[in-house]
file target.cif (mmCIF, C-alpha atoms; chains and numbers go by the auth columns)
data_protein
#
loop_
_atom_site.group_PDB
_atom_site.id
_atom_site.type_symbol
_atom_site.label_atom_id
_atom_site.label_comp_id
_atom_site.label_asym_id
_atom_site.label_seq_id
_atom_site.Cartn_x
_atom_site.Cartn_y
_atom_site.Cartn_z
_atom_site.B_iso_or_equiv
_atom_site.auth_seq_id
_atom_site.auth_asym_id
ATOM 1 C CA MET A 1 34.806 -14.208 -26.481 0.00 12 A
ATOM 2 C CA ASN A 2 35.527 -13.530 -22.828 0.00 13 A
ATOM 3 C CA TYR A 3 32.519 -11.579 -21.592 0.00 14 A
ATOM 4 C CA ASN A 4 32.793 -9.298 -18.575 0.00 15 A
ATOM 5 C CA GLN A 5 31.254 -11.102 -15.588 0.00 16 A
ATOM 6 C CA HIS A 6 29.707 -8.287 -13.471 0.00 17 A
ATOM 7 C CA LEU A 7 29.073 -10.780 -10.649 0.00 18 A
ATOM 8 C CA ASP A 8 27.933 -8.000 -8.295 0.00 19 A
ATOM 9 C CA LEU A 9 24.995 -7.315 -10.630 0.00 20 A
ATOM 10 C CA PHE A 10 23.719 -10.903 -10.931 0.00 21 A
ATOM 11 C CA GLY A 11 19.965 -11.072 -10.279 0.00 22 A
ATOM 12 C CA LYS A 12 19.535 -7.290 -10.260 0.00 23 A
ATOM 13 C CA HIS A 13 17.756 -5.076 -12.781 0.00 24 A
ATOM 14 C CA SER A 14 18.660 -1.538 -13.694 0.00 25 A
ATOM 15 C CA PHE A 15 16.091 1.198 -14.097 0.00 26 A
ATOM 16 C CA LEU A 16 16.895 1.457 -17.814 0.00 27 A
ATOM 17 C CA SER A 17 16.852 -2.287 -18.404 0.00 28 A
ATOM 18 C CA GLY A 18 15.738 -4.244 -21.426 0.00 29 A
ATOM 19 C CA SER A 19 13.249 -6.276 -19.390 0.00 30 A
ATOM 20 C CA ASN A 20 11.498 -3.075 -18.305 0.00 31 A
ATOM 21 C CA TYR A 21 11.549 -1.474 -21.728 0.00 32 A
ATOM 22 C CA ALA A 22 8.633 0.986 -21.404 0.00 33 A
ATOM 23 C CA TRP A 23 11.136 3.761 -20.632 0.00 34 A
ATOM 24 C CA VAL A 24 12.180 3.817 -24.304 0.00 35 A
ATOM 25 C CA ASN A 25 8.972 5.720 -25.049 0.00 36 A
ATOM 26 C CA TYR A 26 9.199 8.137 -22.073 0.00 37 A
ATOM 27 C CA SER A 27 9.857 11.834 -22.378 0.00 38 A
ATOM 28 C CA GLU A 28 12.565 13.372 -20.198 0.00 39 A
ATOM 29 C CA GLU A 29 9.863 14.570 -17.786 0.00 40 A
ATOM 30 C CA LYS A 30 8.238 11.129 -17.644 0.00 41 A
ATOM 31 C CA VAL A 31 11.521 9.291 -16.932 0.00 42 A
ATOM 32 C CA ALA A 32 12.238 11.753 -14.111 0.00 43 A
ATOM 33 C CA ALA A 33 8.727 11.253 -12.654 0.00 44 A
ATOM 34 C CA VAL A 34 8.841 7.448 -12.870 0.00 45 A
ATOM 35 C CA TRP A 35 12.332 7.287 -11.357 0.00 46 A
ATOM 36 C CA THR A 36 11.289 9.631 -8.534 0.00 47 A
ATOM 37 C CA ASN A 37 8.207 7.488 -7.852 0.00 48 A
ATOM 38 C CA GLN A 38 10.340 4.336 -7.736 0.00 49 A
ATOM 39 C CA GLN A 39 12.710 5.977 -5.264 0.00 50 A
ATOM 40 C CA ALA A 40 9.743 6.969 -3.083 0.00 51 A
ATOM 41 C CA LYS A 41 8.562 3.337 -3.070 0.00 52 A
ATOM 42 C CA THR A 42 12.029 2.207 -2.019 0.00 53 A
ATOM 43 C CA GLU A 43 12.066 4.811 0.752 0.00 54 A
ATOM 44 C CA GLY A 44 8.619 3.619 1.866 0.00 55 A
ATOM 45 C CA THR A 45 9.900 0.052 2.162 0.00 56 A
ATOM 46 C CA VAL A 46 12.843 1.239 4.262 0.00 57 A
ATOM 47 C CA LEU A 47 10.547 3.278 6.529 0.00 58 A
ATOM 48 C CA HIS A 48 8.234 0.269 6.996 0.00 59 A
ATOM 49 C CA ASP A 49 11.227 -1.860 7.985 0.00 60 A
ATOM 50 C CA ILE A 50 12.400 0.745 10.489 0.00 61 A
ATOM 51 C CA ALA A 51 8.887 1.100 11.948 0.00 62 A
ATOM 52 C CA SER A 52 8.516 -2.673 12.273 0.00 63 A
ATOM 53 C CA ASN A 53 11.862 -3.006 14.035 0.00 64 A
ATOM 54 C CA LEU A 54 10.932 -0.248 16.474 0.00 65 A
ATOM 55 C CA ILE A 55 7.525 -1.821 17.169 0.00 66 A
ATOM 56 C CA VAL A 56 8.942 -5.310 17.663 0.00 67 A
ATOM 57 C CA ARG A 57 11.558 -3.946 20.087 0.00 68 A
ATOM 58 C CA ARG A 58 8.936 -1.678 21.747 0.00 69 A
ATOM 59 C CA ILE A 59 11.094 1.427 21.222 0.00 70 A
ATOM 60 C CA LYS A 60 8.953 4.554 21.076 0.00 71 A
ATOM 61 C CA VAL A 61 10.006 7.572 19.029 0.00 72 A
ATOM 62 C CA ALA A 62 9.649 11.298 19.669 0.00 73 A
ATOM 63 C CA PRO A 63 5.935 12.143 20.002 0.00 74 A
ATOM 64 C CA LEU A 64 5.782 14.381 16.950 0.00 75 A
ATOM 65 C CA LYS A 65 2.708 15.100 14.824 0.00 76 A
ATOM 66 C CA LYS A 66 4.077 12.974 11.999 0.00 77 A
ATOM 67 C CA ALA A 67 2.372 9.836 10.734 0.00 78 A
ATOM 68 C CA PHE A 68 5.490 7.680 11.103 0.00 79 A
ATOM 69 C CA ASN A 69 6.017 8.645 14.758 0.00 80 A
ATOM 70 C CA MET A 70 2.333 8.317 15.597 0.00 81 A
ATOM 71 C CA PHE A 71 2.112 4.933 13.846 0.00 82 A
ATOM 72 C CA VAL A 72 5.073 3.492 15.771 0.00 83 A
ATOM 73 C CA ASN A 73 4.016 4.890 19.144 0.00 84 A
ATOM 74 C CA ASP A 74 0.350 3.921 18.736 0.00 85 A
ATOM 75 C CA ALA A 75 1.226 0.365 17.670 0.00 86 A
ATOM 76 C CA ILE A 76 3.458 0.004 20.727 0.00 87 A
ATOM 77 C CA GLY A 77 0.875 1.642 22.994 0.00 88 A
ATOM 78 C CA PHE A 78 -1.910 -0.672 21.834 0.00 89 A
ATOM 79 C CA GLY A 79 0.384 -3.728 22.051 0.00 90 A
ATOM 80 C CA MET A 80 -0.017 -4.516 18.358 0.00 91 A
ATOM 81 C CA GLU A 81 1.899 -7.045 16.308 0.00 92 A
ATOM 82 C CA SER A 82 3.979 -5.722 13.429 0.00 93 A
ATOM 83 C CA GLU A 83 4.117 -7.049 9.856 0.00 94 A
ATOM 84 C CA GLN A 84 1.669 -9.894 10.506 0.00 95 A
ATOM 85 C CA ILE A 85 0.946 -12.146 7.550 0.00 96 A
ATOM 86 C CA LEU A 86 -2.749 -12.871 7.065 0.00 97 A
ATOM 87 C CA TYR A 87 -3.274 -16.061 5.081 0.00 98 A
ATOM 88 C CA TYR A 88 -6.298 -17.597 3.434 0.00 99 A
ATOM 89 C CA SER A 89 -4.507 -19.556 0.711 0.00 100 A
ATOM 90 C CA ASP A 90 -1.491 -19.404 -1.555 0.00 101 A
ATOM 91 C CA ASN A 91 -3.692 -17.276 -3.822 0.00 102 A
ATOM 92 C CA CYS A 92 -4.772 -14.853 -1.107 0.00 103 A
ATOM 93 C CA PHE A 93 -2.526 -13.537 1.633 0.00 104 A
ATOM 94 C CA GLY A 94 -1.052 -10.213 2.694 0.00 105 A
ATOM 95 C CA THR A 95 0.836 -8.466 5.461 0.00 106 A
ATOM 96 C CA ALA A 96 -0.794 -6.057 7.898 0.00 107 A
ATOM 97 C CA ASP A 97 1.545 -3.283 9.038 0.00 108 A
ATOM 98 C CA ALA A 98 0.157 -3.473 12.604 0.00 109 A
ATOM 99 C CA ILE A 99 -2.661 -5.623 13.977 0.00 110 A
ATOM 100 C CA LEU A 100 -4.325 -6.517 17.255 0.00 111 A
ATOM 101 C CA PHE A 101 -7.310 -8.735 18.041 0.00 112 A
ATOM 102 C CA LYS A 102 -8.359 -8.513 21.649 0.00 113 A
ATOM 103 C CA ASN A 103 -11.703 -8.566 23.470 0.00 114 A
ATOM 104 C CA ASN A 104 -13.611 -9.155 20.224 0.00 115 A
ATOM 105 C CA LYS A 105 -12.076 -6.012 18.682 0.00 116 A
ATOM 106 C CA LEU A 106 -9.844 -6.062 15.588 0.00 117 A
ATOM 107 C CA GLN A 107 -7.535 -3.105 14.963 0.00 118 A
ATOM 108 C CA ILE A 108 -5.522 -2.837 11.779 0.00 119 A
ATOM 109 C CA HIS A 109 -3.204 0.133 11.238 0.00 120 A
ATOM 110 C CA ASP A 110 -1.485 0.942 7.969 0.00 121 A
ATOM 111 C CA LEU A 111 1.456 3.276 7.363 0.00 122 A
ATOM 112 C CA LYS A 112 1.376 5.158 4.066 0.00 123 A
ATOM 113 C CA THR A 113 4.511 7.071 3.148 0.00 124 A
ATOM 114 C CA GLY A 114 3.353 8.374 -0.230 0.00 125 A
ATOM 115 C CA ILE A 115 1.579 11.609 -1.034 0.00 126 A
ATOM 116 C CA HIS A 116 -1.463 10.163 -2.811 0.00 127 A
ATOM 117 C CA LYS A 117 -4.668 9.830 -0.812 0.00 128 A
ATOM 118 C CA ALA A 118 -4.834 6.331 0.638 0.00 129 A
ATOM 119 C CA SER A 119 -7.801 3.976 0.363 0.00 130 A
ATOM 120 C CA PHE A 120 -9.244 1.767 3.063 0.00 131 A
ATOM 121 C CA ASN A 121 -9.815 -1.052 0.522 0.00 132 A
ATOM 122 C CA GLN A 122 -6.539 -2.733 1.479 0.00 133 A
ATOM 123 C CA LEU A 123 -7.551 -2.788 5.152 0.00 134 A
ATOM 124 C CA ASP A 124 -11.004 -4.154 4.273 0.00 135 A
ATOM 125 C CA ILE A 125 -9.289 -7.032 2.468 0.00 136 A
ATOM 126 C CA TYR A 126 -6.965 -7.636 5.423 0.00 137 A
ATOM 127 C CA THR A 127 -10.017 -7.759 7.687 0.00 138 A
ATOM 128 C CA ALA A 128 -11.653 -10.312 5.388 0.00 139 A
ATOM 129 C CA MET A 129 -8.458 -12.408 5.342 0.00 140 A
ATOM 130 C CA PHE A 130 -8.246 -12.224 9.141 0.00 141 A
ATOM 131 C CA CYS A 131 -11.862 -13.346 9.532 0.00 142 A
ATOM 132 C CA LEU A 132 -11.361 -16.236 7.094 0.00 143 A
ATOM 133 C CA GLU A 133 -8.103 -17.374 8.671 0.00 144 A
ATOM 134 C CA TYR A 134 -9.281 -17.170 12.281 0.00 145 A
ATOM 135 C CA GLY A 135 -12.953 -18.085 11.806 0.00 146 A
ATOM 136 C CA GLU A 136 -14.344 -14.734 12.930 0.00 147 A
ATOM 137 C CA ASP A 137 -17.685 -13.340 11.748 0.00 148 A
ATOM 138 C CA PRO A 138 -17.271 -9.676 10.721 0.00 149 A
ATOM 139 C CA LEU A 139 -20.850 -9.050 11.842 0.00 150 A
ATOM 140 C CA LYS A 140 -19.973 -10.091 15.405 0.00 151 A
ATOM 141 C CA ILE A 141 -16.711 -8.223 16.013 0.00 152 A
ATOM 142 C CA GLU A 142 -15.763 -4.572 16.267 0.00 153 A
ATOM 143 C CA VAL A 143 -13.252 -3.432 13.641 0.00 154 A
ATOM 144 C CA ILE A 144 -11.185 -0.234 13.636 0.00 155 A
ATOM 145 C CA HIS A 145 -8.965 0.750 10.710 0.00 156 A
ATOM 146 C CA ARG A 146 -6.386 3.514 10.771 0.00 157 A
ATOM 147 C CA ILE A 147 -4.325 4.876 7.919 0.00 158 A
ATOM 148 C CA TYR A 148 -1.321 6.933 9.022 0.00 159 A
ATOM 149 C CA GLN A 149 -0.157 9.402 6.411 0.00 160 A
ATOM 150 C CA GLY A 150 1.392 12.844 6.382 0.00 161 A
ATOM 151 C CA LYS A 151 0.966 14.469 9.778 0.00 162 A
ATOM 152 C CA GLY A 152 -1.649 12.206 11.294 0.00 163 A
ATOM 153 C CA TYR A 153 -4.125 9.452 10.685 0.00 164 A
ATOM 154 C CA ILE A 154 -7.681 8.820 9.606 0.00 165 A
ATOM 155 C CA GLU A 155 -9.790 6.197 11.286 0.00 166 A
ATOM 156 C CA ARG A 156 -12.952 4.383 10.363 0.00 167 A
ATOM 157 C CA SER A 157 -14.883 1.210 10.979 0.00 168 A
ATOM 158 C CA PRO A 158 -15.650 -0.784 7.845 0.00 169 A
ATOM 159 C CA ASP A 159 -19.145 -1.907 6.922 0.00 170 A
ATOM 160 C CA PRO A 160 -19.313 -5.519 8.214 0.00 171 A
ATOM 161 C CA GLU A 161 -21.531 -6.482 5.262 0.00 172 A
ATOM 162 C CA GLN A 162 -18.841 -5.228 2.854 0.00 173 A
ATOM 163 C CA VAL A 163 -16.207 -7.294 4.682 0.00 174 A
ATOM 164 C CA ALA A 164 -18.486 -10.359 4.445 0.00 175 A
ATOM 165 C CA HIS A 165 -18.881 -9.658 0.716 0.00 176 A
ATOM 166 C CA ILE A 166 -15.096 -9.517 0.283 0.00 177 A
ATOM 167 C CA MET A 167 -14.790 -12.803 2.201 0.00 178 A
ATOM 168 C CA GLN A 168 -17.243 -14.458 -0.213 0.00 179 A
ATOM 169 C CA LYS A 169 -15.314 -13.117 -3.205 0.00 180 A
ATOM 170 C CA ILE A 170 -12.050 -14.445 -1.776 0.00 181 A
ATOM 171 C CA VAL A 171 -13.531 -17.927 -1.360 0.00 182 A
ATOM 172 C CA VAL A 172 -15.071 -17.967 -4.855 0.00 183 A
ATOM 173 C CA PHE A 173 -12.077 -16.421 -6.635 0.00 184 A
ATOM 174 C CA ASP A 174 -9.642 -18.677 -4.784 0.00 185 A
ATOM 175 C CA LYS A 175 -11.553 -21.740 -6.028 0.00 186 A
ATOM 176 C CA ILE A 176 -11.566 -20.412 -9.603 0.00 187 A
ATOM 177 C CA ILE A 177 -7.800 -19.882 -9.480 0.00 188 A
ATOM 178 C CA ASP A 178 -7.201 -23.321 -7.936 0.00 189 A
ATOM 179 C CA ASP A 179 -9.367 -24.956 -10.635 0.00 190 A
ATOM 180 C CA LEU A 180 -7.401 -23.115 -13.323 0.00 191 A
ATOM 181 C CA LYS A 181 -4.109 -24.253 -11.772 0.00 192 A
ATOM 182 C CA TYR A 182 -5.308 -27.841 -11.528 0.00 193 A
ATOM 183 C CA ASN A 183 -6.609 -27.946 -15.118 0.00 194 A
ATOM 184 C CA GLN A 184 -3.474 -26.534 -16.752 0.00 195 A
#
call {"tool": "encode", "arguments": {"input": "target.cif", "output": "structure tokens"}}
result
Amino acid sequence: MNYNQHLDLFGKHSFLSGSNYAWVNYSEEKVAAVWTNQQAKTEGTVLHDIASNLIVRRIKVAPLKKAFNMFVNDAIGFGMESEQILYYSDNCFGTADAILFKNNKLQIHDLKTGIHKASFNQLDIYTAMFCLEYGEDPLKIEVIHRIYQGKGYIERSPDPEQVAHIMQKIVVFDKIIDDLKYNQ
């Protein structure tokens, strides 16, 4: 049989695909909600890319009371790096939306485009990764986290003891994963 080739679809997956089969059991309301959520995630990725490009090129945007605008302008104003990978190992790395370490002060800013209340846990982990990668003691540096969402941002300083605890977990869990990989 001569099958249709569909070369433009190679490597892609549709929303209603066989490999993501959970949708078979969705109600009409659930499929609409899941699809809408997926579209919001895609839009968030696009907005992060736009913000990063603006920050890298040092192009400020209109000073509106919107998280996106504030995030871009603040990152540029502070002289932050955009989309910086923080690496401890192949088992533990991540990308900070905006970061700056200067004068013994670490700032990490995160842009959230969704509507659900954001958690600082991600930024605590990024701080732990930063300290592990660059040999910094979280008890000896100042750390400021900001989450930009909606029409503004929230800011806090993490508990240095909690960051140290996360660092210890990373080291221990990384070794466990490496041992499991090696013994397969």
call {"tool": "closest_residue", "arguments": {"input": "target.cif", "among": "A:Glu54, A:Asp85, A:Glu39, A:Glu94", "to": "Tyr164 in chain A", "atoms": "all atoms listed in the file"}}
result
A:Asp85
call {"tool": "resolve_selection", "arguments": {"input": "target.cif", "expression": "the PyMOL selection byres ((chain A and resi 65-67) around 8)", "output": "MDAnalysis selection string"}}
result
chainID A and resid 61:64 68:71 83:84 86:87 92:93
call {"tool": "residues_near_point", "arguments": {"input": "target.cif", "point": "(8.8, 2.1, -17.3)", "cutoff": "12 Å", "atoms": "all atoms listed in the file", "output": "PyMOL selection string"}}
result
chain A and resi 25-38+41-49
call {"tool": "closest_residue", "arguments": {"input": "target.cif", "among": "A:Asp19, A:Glu147, A:Asp190, A:Asp185", "to": "Ser100 in chain A", "atoms": "all atoms listed in the file"}}
result
A:Asp185
call {"tool": "resolve_selection", "arguments": {"input": "target.cif", "expression": "the PyMOL selection byres ((chain A and resi 178) around 8)", "output": "PyMOL selection string"}}
result
chain A and resi 136+139-140+142-143+174-177+179-182
call {"tool": "atom_distance", "arguments": {"input": "target.cif", "atom1": "CA of Thr124 in chain A", "atom2": "CA of Gly55 in chain A"}}
result
5.5 Å
call {"tool": "closest_residue", "arguments": {"input": "target.cif", "among": "A:Asp101, A:Glu40, A:Glu172, A:Glu144", "to": "Lys192 in chain A", "atoms": "only C-alpha atoms"}}
result
A:Asp101
call {"tool": "atom_distance", "arguments": {"input": "target.cif", "atom1": "CA of Leu122 in chain A", "atom2": "CA of Tyr159 in chain A"}}
result
4.9 Å
call {"tool": "atom_distance", "arguments": {"input": "target.cif", "atom1": "CA of Ala51 in chain A", "atom2": "CA of Gln160 in chain A"}}
result
13.9 Å
call {"tool": "residues_near_point", "arguments": {"input": "target.cif", "point": "(-6.3, 3.4, 11.9)", "cutoff": "10 Å", "atoms": "only C-alpha atoms", "output": "JSON, numbers by chain"}}
result
{"A": [82, 85, 86, 109, 110, 118, 119, 120, 121, 122, 131, 134, 154, 155, 156, 157, 158, 159, 163, 164, 165, 166, 167, 168]}
call {"tool": "closest_residue", "arguments": {"input": "target.cif", "among": "A:Ile187, A:Gly146, A:Ile152, A:Gly125", "to": "Thr53 in chain A", "atoms": "all atoms listed in the file"}}
result
A:Gly125
call {"tool": "closest_residue", "arguments": {"input": "target.cif", "among": "A:Phe79, A:Ala73, A:Cys103, A:Tyr145", "to": "Val57 in chain A", "atoms": "all atoms listed in the file"}}
result
A:Phe79
call {"tool": "residues_around", "arguments": {"input": "target.cif", "residues": "Lys151 in chain A", "least_positions_apart": "4", "cutoff": "10 Å", "atoms": "all atoms listed in the file", "output": "ChimeraX atom specification"}}
result
/A:115-116,147,171
